[in-house]
Structure formats: C-alpha cells, structure tokens
file structure_7.txt (compact mmCIF, C-alpha atoms)
# COMPACT_ATOMS: atom_id res chain seq x y z
CA MET O 190 45.75 16.93 -44.46
CA GLU O 191 42.64 17.14 -46.62
CA HIS O 192 40.98 13.99 -47.83
CA ASP O 193 39.01 14.63 -51.01
CA TYR O 194 36.47 12.41 -52.71
CA ASP O 195 34.58 12.54 -56.00
CA ILE O 196 30.82 12.66 -55.70
CA THR O 197 27.97 12.72 -58.21
CA LEU O 198 24.48 13.66 -57.14
CA THR O 199 21.32 15.26 -58.48
CA VAL O 200 20.60 18.69 -57.08
CA ASN O 201 17.22 20.21 -57.93
CA GLY O 202 16.99 17.92 -60.92
CA THR O 203 20.45 18.68 -62.30
CA ALA O 204 23.29 16.14 -62.21
CA VAL O 205 26.33 17.55 -60.42
CA SER O 206 29.85 16.11 -60.06
CA ARG O 207 32.39 17.66 -57.73
CA ARG O 208 35.41 16.77 -55.63
CA VAL O 209 34.76 17.47 -51.94
CA PRO O 210 36.68 17.19 -48.68
CA ALA O 211 35.25 14.43 -46.43
CA ARG O 212 34.74 16.93 -43.63
CA GLN O 213 32.49 19.24 -45.63
CA HIS O 214 28.83 18.95 -44.69
CA LEU O 215 26.06 19.02 -47.23
CA VAL O 216 24.82 22.54 -46.56
CA ASP O 217 28.30 24.06 -46.95
CA PHE O 218 28.66 22.13 -50.21
CA LEU O 219 25.34 23.50 -51.47
CA ARG O 220 26.15 27.04 -50.38
CA ASP O 221 29.85 27.34 -51.15
CA ASP O 222 30.34 25.02 -54.11
CA LEU O 223 26.97 25.28 -55.85
CA GLU O 224 26.08 28.81 -54.70
CA LEU O 225 22.66 27.65 -53.53
CA THR O 226 22.56 29.95 -50.52
CA GLY O 227 18.89 29.52 -49.68
CA SER O 228 19.67 26.76 -47.17
CA HIS O 229 21.23 28.39 -44.14
CA ALA O 230 23.98 27.18 -41.84
CA GLY O 231 22.90 28.16 -38.34
CA CYS O 232 23.99 26.18 -35.33
CA GLU O 233 25.82 23.44 -37.24
CA HIS O 234 24.96 20.83 -34.66
CA GLY O 235 21.44 19.87 -35.61
CA VAL O 236 19.46 22.06 -33.23
CA CYS O 237 18.11 24.99 -35.26
CA GLY O 238 16.80 23.41 -38.48
CA ALA O 239 17.81 26.34 -40.73
CA CYS O 240 19.79 23.95 -42.96
CA THR O 241 16.86 21.59 -43.66
CA VAL O 242 17.01 20.14 -47.19
CA ARG O 243 15.43 17.13 -48.85
CA VAL O 244 17.51 14.04 -49.62
CA ASN O 245 15.82 11.27 -51.61
CA GLY O 246 12.46 12.83 -50.76
CA GLU O 247 13.00 13.01 -46.98
CA ILE O 248 13.86 16.14 -45.01
CA VAL O 249 17.25 16.02 -43.29
CA ARG O 250 19.60 18.34 -41.45
CA GLY O 251 22.06 19.60 -44.07
CA CYS O 252 24.65 20.19 -41.35
CA LEU O 253 24.42 16.62 -40.02
CA MET O 254 25.10 14.93 -43.32
CA LEU O 255 28.44 15.01 -45.10
CA ALA O 256 28.49 16.01 -48.75
CA VAL O 257 30.32 12.75 -49.46
CA GLN O 258 27.38 10.83 -47.95
CA ALA O 259 25.10 12.46 -50.52
CA ASN O 260 26.94 10.68 -53.33
CA GLY O 261 24.31 9.13 -55.60
CA CYS O 262 21.44 10.92 -53.83
CA ARG O 263 18.73 13.25 -55.06
CA VAL O 264 18.90 16.54 -53.19
CA ASP O 265 16.21 19.22 -53.30
CA THR O 266 16.68 22.66 -51.80
CA ILE O 267 14.46 25.67 -51.29
CA GLU O 268 15.61 26.99 -54.69
CA GLY O 269 14.40 23.91 -56.58
CA LEU O 270 11.17 23.58 -54.64
CA SER O 271 10.38 27.28 -55.18
CA ASP O 272 11.03 27.00 -58.93
CA SER O 273 8.85 23.91 -59.22
CA LYS O 274 6.04 25.83 -57.44
CA GLU O 275 5.66 22.96 -54.97
CA LEU O 276 5.85 25.45 -52.12
CA ALA O 277 3.81 28.22 -53.75
CA GLY O 278 0.78 27.80 -51.48
CA LEU O 279 2.88 27.81 -48.32
CA GLN O 280 4.97 30.76 -49.49
CA LYS O 281 1.83 32.80 -50.20
CA ALA O 282 0.33 31.92 -46.82
CA PHE O 283 3.60 32.75 -45.00
CA HIS O 284 3.68 36.10 -46.79
CA GLU O 285 0.07 36.98 -46.08
CA ARG O 286 0.18 35.86 -42.45
CA ASN O 287 3.47 37.59 -41.63
CA ALA O 288 4.89 34.17 -40.82
CA LEU O 289 8.43 35.44 -41.34
CA GLN O 290 10.38 38.48 -40.38
CA CYS O 291 14.14 38.16 -40.87
CA GLY O 292 13.71 35.06 -43.02
CA PHE O 293 16.67 33.09 -41.73
CA CYS O 294 14.58 30.12 -40.61
CA THR O 295 12.05 30.34 -43.45
CA PRO O 296 13.59 27.97 -46.05
CA GLY O 297 13.97 25.24 -43.42
CA MET O 298 10.55 26.00 -41.96
CA LEU O 299 8.91 25.72 -45.40
CA LEU O 300 10.55 22.35 -46.05
CA ALA O 301 9.48 21.01 -42.64
CA ALA O 302 5.94 22.30 -43.17
CA GLN O 303 5.69 20.83 -46.68
CA ASP O 304 6.91 17.49 -45.27
CA LEU O 305 3.91 17.45 -42.94
CA ILE O 306 1.46 18.56 -45.63
CA SER O 307 2.62 16.10 -48.26
CA LYS O 308 2.80 12.99 -46.05
CA PRO O 309 -0.32 10.89 -45.67
CA GLY O 310 -1.53 11.20 -42.08
CA LYS O 311 -4.25 9.28 -40.34
CA PRO O 312 -6.98 8.57 -42.90
CA GLY O 313 -9.83 11.05 -42.81
CA THR O 314 -8.05 13.52 -40.54
CA VAL O 315 -5.92 16.60 -41.02
CA PRO O 316 -3.03 17.56 -38.73
CA THR O 317 -4.10 19.51 -35.65
CA ARG O 318 -2.32 22.67 -34.48
CA GLU O 319 -0.60 20.50 -31.90
CA GLU O 320 0.69 18.17 -34.63
CA ILE O 321 1.86 21.13 -36.71
CA ARG O 322 3.78 22.45 -33.70
CA SER O 323 5.27 19.06 -33.07
CA HIS O 324 6.38 18.68 -36.69
CA ILE O 325 8.12 22.06 -36.79
CA SER O 326 9.56 21.60 -33.28
CA GLY O 327 12.98 21.01 -34.85
CA ASN O 328 12.99 24.43 -36.53
CA PHE O 329 13.81 27.51 -34.51
CA CYS O 330 12.29 30.89 -35.34
CA ARG O 331 13.49 33.79 -33.21
CA CYS O 332 11.22 36.46 -34.73
CA THR O 333 7.61 35.36 -35.01
CA GLY O 334 6.83 33.41 -31.86
CA TYR O 335 5.51 30.63 -34.16
CA GLN O 336 1.83 31.61 -33.91
CA ALA O 337 1.71 33.08 -37.41
CA ILE O 338 3.71 30.16 -38.82
CA VAL O 339 1.25 27.65 -37.40
CA ASP O 340 -1.61 29.81 -38.75
CA ALA O 341 -0.10 29.82 -42.24
CA ILE O 342 0.52 26.06 -42.29
CA GLU O 343 -2.97 25.39 -40.96
CA GLU O 344 -4.45 27.59 -43.67
CA VAL O 345 -2.70 25.58 -46.38
CA ILE O 346 -3.75 22.29 -44.79
CA HIS O 347 -7.37 23.42 -44.87
CA GLY O 348 -6.99 24.28 -48.53
CA LYS O 349 -7.20 28.04 -48.12
CA GLY O 350 -3.57 28.81 -48.89
CA MET M 156 32.06 25.21 -36.25
CA LYS M 157 33.55 23.00 -38.92
CA ALA M 158 34.72 19.44 -38.43
CA PRO M 159 38.45 18.67 -38.42
CA ALA M 160 39.87 16.81 -41.43
CA PHE M 161 39.37 13.07 -41.65
CA ALA M 162 39.35 10.33 -44.27
CA TYR M 163 36.17 8.55 -45.33
CA ALA M 164 35.49 5.02 -46.49
CA LYS M 165 32.29 3.19 -47.32
CA PRO M 166 32.92 -0.57 -47.29
CA ALA M 167 30.51 -2.89 -49.11
CA THR M 168 31.10 -5.93 -46.89
CA LEU M 169 31.39 -6.66 -43.17
CA ALA M 170 34.87 -8.08 -43.75
CA GLY M 171 35.88 -4.84 -45.45
CA ALA M 172 34.47 -2.85 -42.51
CA PHE M 173 36.41 -4.90 -39.93
CA GLU M 174 39.61 -4.35 -41.87
CA LEU M 175 39.10 -0.58 -41.80
CA LEU M 176 38.04 -0.63 -38.14
CA ALA M 177 41.36 -2.22 -37.21
CA ASN M 178 42.62 1.37 -37.27
CA PRO M 179 42.34 2.50 -33.62
CA ASP M 180 41.55 6.06 -34.78
CA ALA M 181 38.65 5.01 -36.97
CA LYS M 182 35.05 5.73 -36.02
CA VAL M 183 31.86 4.11 -37.25
CA LEU M 184 29.47 6.39 -39.13
CA ALA M 185 25.85 5.25 -39.52
CA GLY M 186 23.15 7.95 -39.51
CA GLY M 187 25.65 10.43 -38.11
CA GLN M 188 23.07 12.36 -36.10
CA SER M 189 25.22 12.27 -32.95
CA LEU M 190 28.67 11.77 -34.47
CA ILE M 191 28.54 14.66 -36.94
CA PRO M 192 27.53 17.26 -34.33
CA SER M 193 30.39 16.07 -32.15
CA LEU M 194 32.76 16.39 -35.14
CA ASN M 195 31.39 19.85 -35.98
CA MET M 196 31.98 20.92 -32.39
CA ARG M 197 35.41 19.26 -32.50
CA LEU M 198 34.65 17.10 -29.51
CA SER M 199 35.84 14.19 -31.61
CA SER M 200 38.64 14.00 -34.18
CA PRO M 201 38.93 10.56 -35.76
CA GLU M 202 41.42 9.82 -38.52
CA LEU M 203 38.90 7.84 -40.53
CA LEU M 204 35.12 7.56 -40.72
CA VAL M 205 33.87 4.14 -41.73
CA ASP M 206 30.42 4.64 -43.25
CA ILE M 207 28.54 1.39 -42.64
CA THR M 208 25.37 2.39 -44.51
CA GLY M 209 26.55 0.44 -47.56
CA LEU M 210 26.68 -2.87 -45.68
CA PRO M 211 24.06 -5.37 -46.77
CA GLY M 212 21.50 -6.96 -44.46
CA LEU M 213 21.53 -4.40 -41.64
CA SER M 214 18.38 -2.52 -42.62
CA GLU M 215 15.72 -5.13 -42.02
CA ILE M 216 12.92 -5.52 -39.50
CA LYS M 217 12.29 -9.26 -39.23
CA VAL M 218 9.59 -10.93 -37.17
CA LEU M 219 10.94 -14.22 -35.81
CA ASN M 220 9.18 -16.75 -33.55
CA ASP M 221 9.27 -14.92 -30.26
CA ARG M 222 11.15 -11.78 -31.12
CA VAL M 223 11.60 -8.98 -33.64
CA ARG M 224 15.09 -8.53 -35.03
CA VAL M 225 15.82 -4.95 -35.98
CA GLY M 226 18.92 -4.29 -38.08
CA ALA M 227 21.32 -1.66 -36.79
CA LEU M 228 20.75 0.61 -39.79
CA VAL M 229 16.97 0.86 -39.41
CA THR M 230 16.16 4.55 -39.01
CA HIS M 231 13.87 6.08 -36.41
CA SER M 232 11.42 7.00 -39.19
CA ARG M 233 11.22 3.41 -40.38
CA LEU M 234 10.53 2.23 -36.84
CA GLU M 235 7.88 4.92 -36.51
CA GLN M 236 6.10 3.71 -39.66
CA SER M 237 6.56 -0.02 -39.09
CA PRO M 238 3.32 -1.97 -38.49
CA GLU M 239 5.44 -4.84 -37.08
CA ILE M 240 6.94 -2.62 -34.40
CA ARG M 241 3.55 -1.12 -33.54
CA LYS M 242 2.05 -4.57 -33.18
CA HIS M 243 4.86 -6.53 -31.53
CA VAL M 244 7.01 -3.98 -29.67
CA PRO M 245 4.58 -1.31 -28.48
CA LEU M 246 7.09 0.14 -26.02
CA LEU M 247 9.48 1.04 -28.83
CA ALA M 248 6.62 2.36 -30.97
CA GLN M 249 5.67 4.70 -28.12
CA ALA M 250 9.27 5.83 -27.65
CA VAL M 251 10.15 6.68 -31.27
CA PRO M 252 8.18 9.93 -31.62
CA HIS M 253 10.17 11.27 -28.65
CA VAL M 254 13.48 10.85 -30.51
CA ALA M 255 14.59 14.29 -31.72
CA HIS M 256 12.77 15.82 -34.71
CA ALA M 257 11.44 14.52 -38.04
CA ALA M 258 14.51 15.59 -40.05
CA ILE M 259 16.81 13.81 -37.59
CA ARG M 260 14.61 10.71 -37.35
CA ASN M 261 14.94 10.33 -41.12
CA ARG M 262 18.67 9.64 -40.78
CA GLY M 263 19.41 8.50 -37.22
CA THR M 264 19.53 4.75 -36.66
CA ILE M 265 18.61 2.41 -33.81
CA GLY M 266 22.07 0.84 -33.89
CA GLY M 267 23.73 4.22 -33.64
CA SER M 268 21.61 5.22 -30.67
CA LEU M 269 22.26 1.95 -28.82
CA ALA M 270 25.99 1.87 -29.59
CA LEU M 271 26.47 5.48 -28.49
CA ALA M 272 24.81 4.67 -25.15
CA ASP M 273 23.78 8.19 -24.29
CA PRO M 274 22.11 7.77 -20.89
CA ALA M 275 19.46 10.35 -21.83
CA ALA M 276 18.48 8.53 -25.04
CA GLU M 277 15.23 6.59 -25.43
CA TYR M 278 16.29 3.26 -26.93
CA PRO M 279 18.84 2.14 -24.33
CA ALA M 280 16.15 2.40 -21.63
CA CYS M 281 13.64 0.57 -23.84
CA ALA M 282 16.17 -2.18 -24.56
CA VAL M 283 16.83 -2.65 -20.85
CA ALA M 284 13.13 -2.61 -19.91
CA LEU M 285 12.39 -5.17 -22.63
CA ASN M 286 15.39 -7.35 -21.73
CA ALA M 287 16.52 -7.08 -25.35
CA THR M 288 19.50 -8.88 -26.82
CA LEU M 289 22.17 -7.02 -28.79
CA VAL M 290 23.87 -8.81 -31.65
CA ILE M 291 27.52 -7.89 -32.07
CA SER M 292 29.77 -8.88 -34.93
CA GLY M 293 33.55 -8.84 -35.05
CA LYS M 294 36.42 -10.43 -36.89
CA GLY M 295 36.07 -13.54 -34.72
CA GLY M 296 32.34 -13.97 -35.44
CA GLU M 297 29.07 -13.04 -33.81
CA ARG M 298 28.18 -12.79 -30.14
CA ARG M 299 25.08 -11.78 -28.23
CA VAL M 300 24.74 -9.80 -25.05
CA THR M 301 21.73 -8.70 -23.00
CA ALA M 302 20.95 -5.00 -22.81
CA GLU M 303 21.63 -4.91 -19.07
CA LYS M 304 25.16 -6.17 -19.65
CA PHE M 305 25.70 -4.09 -22.80
CA PHE M 306 25.36 -0.66 -21.17
CA LYS M 307 28.37 -0.19 -18.90
CA GLY M 308 28.45 3.50 -18.17
CA LEU M 309 28.39 6.99 -19.66
CA PHE M 310 28.77 6.42 -23.44
CA GLU M 311 30.37 3.12 -22.54
CA THR M 312 29.25 -0.28 -23.83
CA ASP M 313 30.39 -3.86 -24.06
CA LEU M 314 31.52 -3.25 -27.67
CA LYS M 315 35.23 -4.02 -28.08
CA ALA M 316 37.52 -2.15 -30.46
CA GLY M 317 36.80 -3.19 -34.04
CA GLU M 318 33.37 -4.70 -33.28
CA LEU M 319 30.07 -3.62 -34.78
CA LEU M 320 26.57 -3.70 -33.33
CA ILE M 321 24.60 -5.28 -36.17
CA ALA M 322 21.11 -5.85 -34.75
CA VAL M 323 18.92 -5.77 -31.67
CA GLU M 324 16.40 -8.49 -30.85
CA LEU M 325 13.30 -7.38 -29.00
CA PRO M 326 10.86 -9.87 -27.47
CA ILE M 327 7.38 -9.91 -28.99
CA ALA M 328 4.87 -8.52 -26.51
CA ALA M 329 2.24 -10.95 -25.32
CA ARG M 330 -1.38 -9.88 -25.08
CA SER M 331 -1.14 -9.57 -21.30
CA ASP M 332 2.07 -7.48 -21.39
CA ARG M 333 1.83 -3.81 -20.54
CA SER M 334 4.20 -1.14 -21.89
CA VAL M 335 4.40 2.57 -21.21
CA PHE M 336 6.92 5.12 -22.43
CA LEU M 337 6.90 8.58 -20.87
CA GLU M 338 9.35 11.45 -20.86
CA LEU M 339 9.45 15.06 -19.77
CA THR M 340 11.17 17.67 -21.96
CA ARG M 341 11.22 21.43 -22.26
CA ARG M 342 10.54 21.24 -26.01
CA HIS M 343 9.22 18.23 -27.92
CA GLY M 344 12.18 16.23 -29.23
CA ASP M 345 14.77 17.69 -26.89
CA TYR M 346 16.75 15.55 -24.49
CA ALA M 347 14.58 14.29 -21.69
CA ILE M 348 14.81 15.89 -18.26
CA ILE M 349 13.86 12.42 -17.17
CA GLY M 350 12.05 9.56 -18.86
CA LEU M 351 10.66 6.13 -18.13
CA ALA M 352 10.40 2.99 -20.23
CA ALA M 353 8.22 0.48 -18.40
CA HIS M 354 7.40 -3.05 -19.47
CA ASN M 355 5.34 -5.04 -16.96
CA GLU M 356 7.32 -4.97 -13.69
CA ARG M 357 10.52 -3.67 -15.34
CA PHE M 358 10.90 0.11 -15.03
CA ALA M 359 13.97 1.62 -16.77
CA TYR M 360 14.67 5.32 -16.28
CA LEU M 361 16.56 7.45 -18.80
CA GLY M 362 18.39 10.65 -17.94
CA ALA M 363 18.66 9.30 -14.40
CA GLY M 364 22.23 8.02 -14.19
CA ASP M 365 25.24 7.08 -16.28
CA ARG M 366 23.17 4.36 -18.04
CA PRO M 367 19.54 3.19 -18.00
CA VAL M 368 18.54 2.62 -14.37
CA LEU M 369 16.39 -0.48 -13.95
CA PHE M 370 13.94 -1.20 -11.14
CA SER M 371 11.72 -4.19 -10.68
CA PHE M 372 8.50 -3.04 -9.04
CA GLN M 373 5.88 -5.46 -7.82
CA LYS M 374 2.26 -4.54 -7.17
CA ASP M 375 2.69 -1.94 -4.46
CA LEU M 376 2.98 1.66 -5.50
CA GLN M 377 4.01 2.91 -2.05
CA LYS M 378 6.88 0.44 -1.89
CA ALA M 379 7.90 1.33 -5.42
CA LYS M 380 8.02 5.02 -4.50
CA GLU M 381 10.16 4.26 -1.46
CA ALA M 382 12.53 2.16 -3.57
CA LEU M 383 12.83 5.01 -6.05
CA LYS M 384 13.70 7.47 -3.27
CA THR M 385 16.55 5.34 -1.99
CA GLY M 386 17.65 3.78 -5.26
CA LEU M 387 17.64 6.64 -7.77
CA LYS M 388 20.22 9.44 -7.71
CA PRO M 389 19.70 11.36 -10.95
CA PRO M 390 22.52 13.75 -11.90
CA SER M 391 21.55 17.42 -11.97
CA ASP M 392 21.80 19.37 -15.23
CA LEU M 393 21.86 23.06 -16.16
CA TYR M 394 18.16 23.52 -15.43
CA ASN M 395 17.10 20.78 -13.04
CA SER M 396 18.49 19.71 -9.71
CA SER M 397 18.84 16.09 -8.72
CA ALA M 398 15.93 16.55 -6.28
CA THR M 399 13.67 17.90 -9.05
CA LYS M 400 14.50 14.98 -11.29
CA LEU M 401 13.86 12.51 -8.48
CA TYR M 402 10.50 14.12 -7.84
CA LEU M 403 9.66 13.96 -11.56
CA ALA M 404 10.75 10.31 -11.66
CA GLY M 405 8.06 9.68 -9.03
CA VAL M 406 5.50 11.58 -11.13
CA LEU M 407 6.28 9.37 -14.14
CA LEU M 408 6.09 6.27 -11.96
CA GLU M 409 2.57 7.18 -10.86
CA ARG M 410 1.51 8.00 -14.43
CA ALA M 411 2.85 4.68 -15.67
CA TRP M 412 1.59 2.65 -12.75
CA ASN M 413 -2.08 2.20 -13.71
CA THR M 414 -1.20 1.04 -17.21
CA THR M 415 1.43 -1.46 -16.16
CA THR M 416 -0.50 -2.97 -13.28
CA THR M 417 -4.00 -3.35 -14.69
call {"tool": "encode", "arguments": {"input": "structure_7.txt", "output": "structure tokens"}}
result
Amino acid sequence: MEHDYDITLTVNGTAVSRRVPARQHLVDFLRDDLELTGSHAGCEHGVCGACTVRVNGEIVRGCLMLAVQANGCRVDTIEGLSDSKELAGLQKAFHERNALQCGFCTPGMLLAAQDLISKPGKPGTVPTREEIRSHISGNFCRCTGYQAIVDAIEEVIHGKG
Amino acid sequence: MKAPAFAYAKPATLAGAFELLANPDAKVLAGGQSLIPSLNMRLSSPELLVDITGLPGLSEIKVLNDRVRVGALVTHSRLEQSPEIRKHVPLLAQAVPHVAHAAIRNRGTIGGSLALADPAAEYPACAVALNATLVISGKGGERRVTAEKFFKGLFETDLKAGELLIAVELPIAARSDRSVFLELTRRHGDYAIIGLAAHNERFAYLGAGDRPVLFSFQKDLQKAKEALKTGLKPPSDLYNSSATKLYLAGVLLERAWNTTTT
C-alpha cells in the first residue's frame, strides 16, 4: 500500500507542490518528478555522495532524506547553482584541470567543494590540501584519483579559479 | 535499492509522538542517516515512521551547573560548531569530526546515534567514558540512566518500546581533566577499525565489542597493556582480524596515554 503526502517546498527558487509517497527519497523526487537529473542516485545508502544537494543552505545526502521531510524546505541543486553562477569559478577550474572524466560524481563534488569554500574557516587561514581532501572524503570519484579535483578546488580557494 | 512502503507522521508534541509510537511496527525517524540507508537496503520495514524533528525543546545545548545537556535532535554539525561543547566537553568536540562526512553531519543527530547503539559509533563510547546520563521520556514520565547501563548489546539499549531518548547530559570537564579521542579508519569518516574515547582513567573502546568496552586504567602503562590483552576481544571484520584490532587497540592506548596521565 502506498502512503502519499502533500508537500510544498522551494526548489532552485521556485515554489513546488506535489504529492509524494513517503518512501520516496529526495533525489528520486528531484529526478523523477521535477526532471532535475543533475543530482545522481548512486549507492542509495549514503556512501558515494553523488546525490549531494543543498537543503536550507546545508549540503545533505539526497538519498538519505525523504522527499516528505523536505516539506517547507529550500532545496538547491546543481541546476540552480549553475544558473545562478555561484559555481562558475569551480566549474571553470574543474574543466581546465581535467577534474572530471565521466562526470557522474561531479555535481555532488562541486556542491561539497563549494560548501568548503563558502564557509568561514579559521580566521586568517585558507583550507589546506589535507582539509580539502577531508571535506570531499564523502564523495567518491572513480575516474580522476582526486589529485586534479583537489588542484581545482585549491586554485579557486587561492582566487585563481 | 528503494525503501519498502511505509506511512509517515510528524507529531508536534511529545504526547502525540507517544501515541503514534504505541504502534509496535512504528520506528522513530530523527536525522535518518542510519535509518534511511537501512530502509533503502530493505534491512528494515516499519509500518510507520514517526518523524520527531518537529518536537519542541529537543534541539538545545544548555550549560547547567556541572553538566551540559544536549537535546536529542542536536546535529553533529551543531556540536562541531558549538563553543560550549568545545569548552566544556572536549572529548565530544574531538570525536565529532570523525563522524561520517560533512553532508551526513548536517542531518545526523546525537540522539539518533546514541539510541541506535552501533558499537562502532563514536558517541556511545564518549558517553561511557564520560559517565554521561541519558534522559528518556515515555508515557509514564521521564527517567534517567547512566551510559554504562544504557548500552546493552549490539544495537540494543535500555529504551523500552514506545520510549524516546530526549537528551544526554555530559559532565563539564574540570581544568585538570584530560580527554583524548582517537580512531583508525581506512578513509576519513568511515567506520572505525577501532577507536578510543579516553577521559582521565576511563578508557572506552569503540568497534571492539558488541557495545563500548570500558577499562579503568591507573598510572601504569604496562599493567594497562596487560589488562587490554586479557580483557579485550574485538570482533574481526572483512579486513581486519581480531588480533590486528587488539594490536591497534594497544597502539591507541599508548598514543592516548601521555595526554591522559600528564
């Protein structure tokens, strides 16, 4: 038996109302119901990070949050953050540094990287390579070996992106 | 995989939550960072999820006379950023960055981690090392239980059907207290191969048994190492034998020793 619930949320700045089954997770809702297929469903148990989206300004696993839990929330996906140009510097650096190959992890990786860049760190310091690695440790990339990704993020942090 | 079908309710009061939790096939949903994976993998199939994130008063960090009361719904990220936790409960402050990854720490809660009682998780070991008190609420009222009595086995706690863990009370560290949190993982944020939460003479290991394993070590490292050898029997996992884990437990003991004894 399906149990459906009405939800209203703001996705990439647009108010959206839908009826969703309780068991549907947020990333399936975004992909299947709203056709925002930039966020990817990978492992569906919180390990790979491909489904990373922003809820109320914080990055979360889209597969570990139910769509019904997002009722009343503000959700931002790779589509919205690309359109707003918030990620432009990172996207350019990823492109130039070959920090992606197949691209499956990239939307999640960009959101995790932007989370590090936009949060105030220790005053007067910038994140080290070690801290960059630690912050993207929840995002798997099976193509690049991470080196180029860390390079690209570091470049943006140092204002060269 | 996709989760099986279930119903969902988000009560606005504790009384409303207890009414819903009277259903024996209901499960409590807080941050969902352990429950939702288990639903997605169909290891769990409740009839009803009771989302407690709408309950008032469970999201506060309050500094009381001799202890800090942390509401069950406080997320890992909030703990990580809390000046009160850094100042008064340094052991927990050291442990938080080891909990999973940033995106998971934004939603996972301290109450969820304690109530799940995963023996490889960080907070249960911290709670035991700190001799914390867990505050449990049920239809009949509130009761309190020490961490040592709360953790009863693999994913097993003192929580009775229909009860909710609403807060944990952690003693405020005195100036002379010494805390160390250490864990060994293959990748930052993964489950620990083995870990150690030490507060003064109380050493609680995680990933070393079916619940946090507590030792009380006085000022003799050699004796402590001997006690570990006879007293700790860590279960093997896919990658590490019991003997490896026991050896690593000794490594962590030595690393922690200087900080806790000087």
call {"tool": "closest_residue", "arguments": {"input": "structure_7.txt", "among": "O:Val264, O:Ala204, O:Ala230, O:Ile342", "to": "chain M", "atoms": "all atoms listed in the file"}}
result
O:Ala230
call {"tool": "closest_residue", "arguments": {"input": "structure_7.txt", "among": "M:Leu169, M:Ala275, M:Val323, M:Ala257", "to": "Leu300 of chain O", "atoms": "all atoms listed in the file"}}
result
M:Ala257
call {"tool": "interface_residues", "arguments": {"input": "structure_7.txt", "of": "chain M", "to": "chain O", "cutoff": "10 Å", "atoms": "only C-alpha atoms", "output": "MDAnalysis selection string"}}
result
chainID M and resid 156:165 186:196 203:204 206 208 232 252 255:263 342:345
call {"tool": "atom_distance", "arguments": {"input": "structure_7.txt", "atom1": "atom CA of Phe358 of chain M", "atom2": "atom CA of Ser268 of chain M"}}
result
19.6 Å
call {"tool": "residues_around", "arguments": {"input": "structure_7.txt", "residues": "segment 216-219 of chain M", "least_positions_apart": "2", "cutoff": "12 Å", "atoms": "all atoms listed in the file", "output": "ChimeraX atom specification"}}
result
/M:212-214,221-230,233-244,265,322-328
call {"tool": "atom_distance", "arguments": {"input": "structure_7.txt", "atom1": "atom CA of Gly209 of chain M", "atom2": "atom CA of Pro166 of chain M"}}
result
6.5 Å
call {"tool": "closest_residue", "arguments": {"input": "structure_7.txt", "among": "O:Gly202, O:Gly227, O:Val209, O:Val339", "to": "Asn287 of chain O", "atoms": "all atoms listed in the file"}}
result
O:Val339
call {"tool": "atom_distance", "arguments": {"input": "structure_7.txt", "atom1": "atom CA of Ala276 of chain M", "atom2": "atom CA of His253 of chain M"}}
result
9.5 Å
call {"tool": "axis_aligned_box", "arguments": {"input": "structure_7.txt", "around": "segment 166-169 of chain M", "padding_each_side": "5 Å", "output": "JSON"}}
result
{"center_x": 31.7, "center_y": -3.6, "center_z": -46.1, "size_x": 12.4, "size_y": 16.1, "size_z": 15.9}
call {"tool": "closest_residue", "arguments": {"input": "structure_7.txt", "among": "M:Thr312, M:Asn220, M:Asn286, M:Asn413", "to": "Leu271 of chain M", "atoms": "only C-alpha atoms"}}
result
M:Thr312
call {"tool": "residues_around", "arguments": {"input": "structure_7.txt", "residues": "Phe372 of chain M", "least_positions_apart": "2", "cutoff": "7 Å", "atoms": "all atoms listed in the file", "output": "PDB file with C-alpha atoms, keeping the file's coordinate frame"}}
result
ATOM      1  CA  GLU M 356       7.320  -4.970 -13.690  1.00  0.00           C
ATOM      2  CA  ARG M 357      10.520  -3.670 -15.340  1.00  0.00           C
ATOM      3  CA  PHE M 370      13.940  -1.200 -11.140  1.00  0.00           C
ATOM      4  CA  LYS M 374       2.260  -4.540  -7.170  1.00  0.00           C
ATOM      5  CA  ALA M 379       7.900   1.330  -5.420  1.00  0.00           C
TER       6      ALA M 379
END
call {"tool": "closest_residue", "arguments": {"input": "structure_7.txt", "among": "M:Glu381, M:Val254, M:Ile348, M:His231", "to": "Ser397 of chain M", "atoms": "only C-alpha atoms"}}
result
M:Ile348
call {"tool": "closest_residue", "arguments": {"input": "structure_7.txt", "among": "O:Ser307, O:Arg286, O:Glu320, O:Val315", "to": "Ile338 of chain O", "atoms": "all atoms listed in the file"}}
result
O:Arg286
call {"tool": "residues_near_point", "arguments": {"input": "structure_7.txt", "point": "(20.7, 14.7, -51.2)", "cutoff": "8 Å", "atoms": "only C-alpha atoms", "output": "short mmCIF file (atom, residue, chain, number, x, y, z; two decimals) with C-alpha atoms, keeping the file's coordinate frame"}}
result
data_model
loop_
_atom_site.label_atom_id
_atom_site.label_comp_id
_atom_site.auth_asym_id
_atom_site.auth_seq_id
_atom_site.Cartn_x
_atom_site.Cartn_y
_atom_site.Cartn_z
CA LEU O 198 24.48 13.66 -57.14
CA THR O 199 21.32 15.26 -58.48
CA VAL O 200 20.60 18.69 -57.08
CA LEU O 215 26.06 19.02 -47.23
CA VAL O 242 17.01 20.14 -47.19
CA ARG O 243 15.43 17.13 -48.85
CA VAL O 244 17.51 14.04 -49.62
CA ASN O 245 15.82 11.27 -51.61
CA ALA O 259 25.10 12.46 -50.52
CA ASN O 260 26.94 10.68 -53.33
CA GLY O 261 24.31 9.13 -55.60
CA CYS O 262 21.44 10.92 -53.83
CA ARG O 263 18.73 13.25 -55.06
CA VAL O 264 18.90 16.54 -53.19
CA ASP O 265 16.21 19.22 -53.30
#
call {"tool": "residues_around", "arguments": {"input": "structure_7.txt", "residues": "Gly295 of chain M", "least_positions_apart": "3", "cutoff": "10 Å", "atoms": "all atoms listed in the file", "output": "ChimeraX atom specification"}}
result
/M:292,298,318
call {"tool": "decode", "arguments": {"input": "structure_7.txt", "residues": "segment 299-320 of chain O", "atoms": "C-alpha atoms", "output": "PDB file, in the first residue's frame"}}
result
ATOM      1  CA  LEU O 299      31.012  20.674  -6.806  1.00  0.00           C
ATOM      2  CA  LEU O 300      28.446  21.110  -4.039  1.00  0.00           C
ATOM      3  CA  ALA O 301      30.791  19.623  -1.430  1.00  0.00           C
ATOM      4  CA  ALA O 302      33.653  21.815  -2.664  1.00  0.00           C
ATOM      5  CA  GLN O 303      31.528  24.972  -2.666  1.00  0.00           C
ATOM      6  CA  ASP O 304      30.431  24.141   0.892  1.00  0.00           C
ATOM      7  CA  LEU O 305      34.074  24.260   1.981  1.00  0.00           C
ATOM      8  CA  ILE O 306      34.837  27.427   0.014  1.00  0.00           C
ATOM      9  CA  SER O 307      31.803  29.367   1.200  1.00  0.00           C
ATOM     10  CA  LYS O 308      32.032  28.507   4.914  1.00  0.00           C
ATOM     11  CA  PRO O 309      34.143  30.727   7.134  1.00  0.00           C
ATOM     12  CA  GLY O 310      37.151  28.723   8.300  1.00  0.00           C
ATOM     13  CA  LYS O 311      39.737  29.637  10.868  1.00  0.00           C
ATOM     14  CA  PRO O 312      40.300  33.403  10.645  1.00  0.00           C
ATOM     15  CA  GLY O 313      43.272  34.365   8.522  1.00  0.00           C
ATOM     16  CA  THR O 314      43.784  30.896   7.062  1.00  0.00           C
ATOM     17  CA  VAL O 315      42.666  29.079   3.948  1.00  0.00           C
ATOM     18  CA  PRO O 316      41.897  25.348   3.826  1.00  0.00           C
ATOM     19  CA  THR O 317      44.961  23.166   3.283  1.00  0.00           C
ATOM     20  CA  ARG O 318      45.056  20.319   0.762  1.00  0.00           C
ATOM     21  CA  GLU O 319      44.522  17.980   3.686  1.00  0.00           C
ATOM     22  CA  GLU O 320      41.370  19.871   4.703  1.00  0.00           C
TER      23      GLU O 320
END
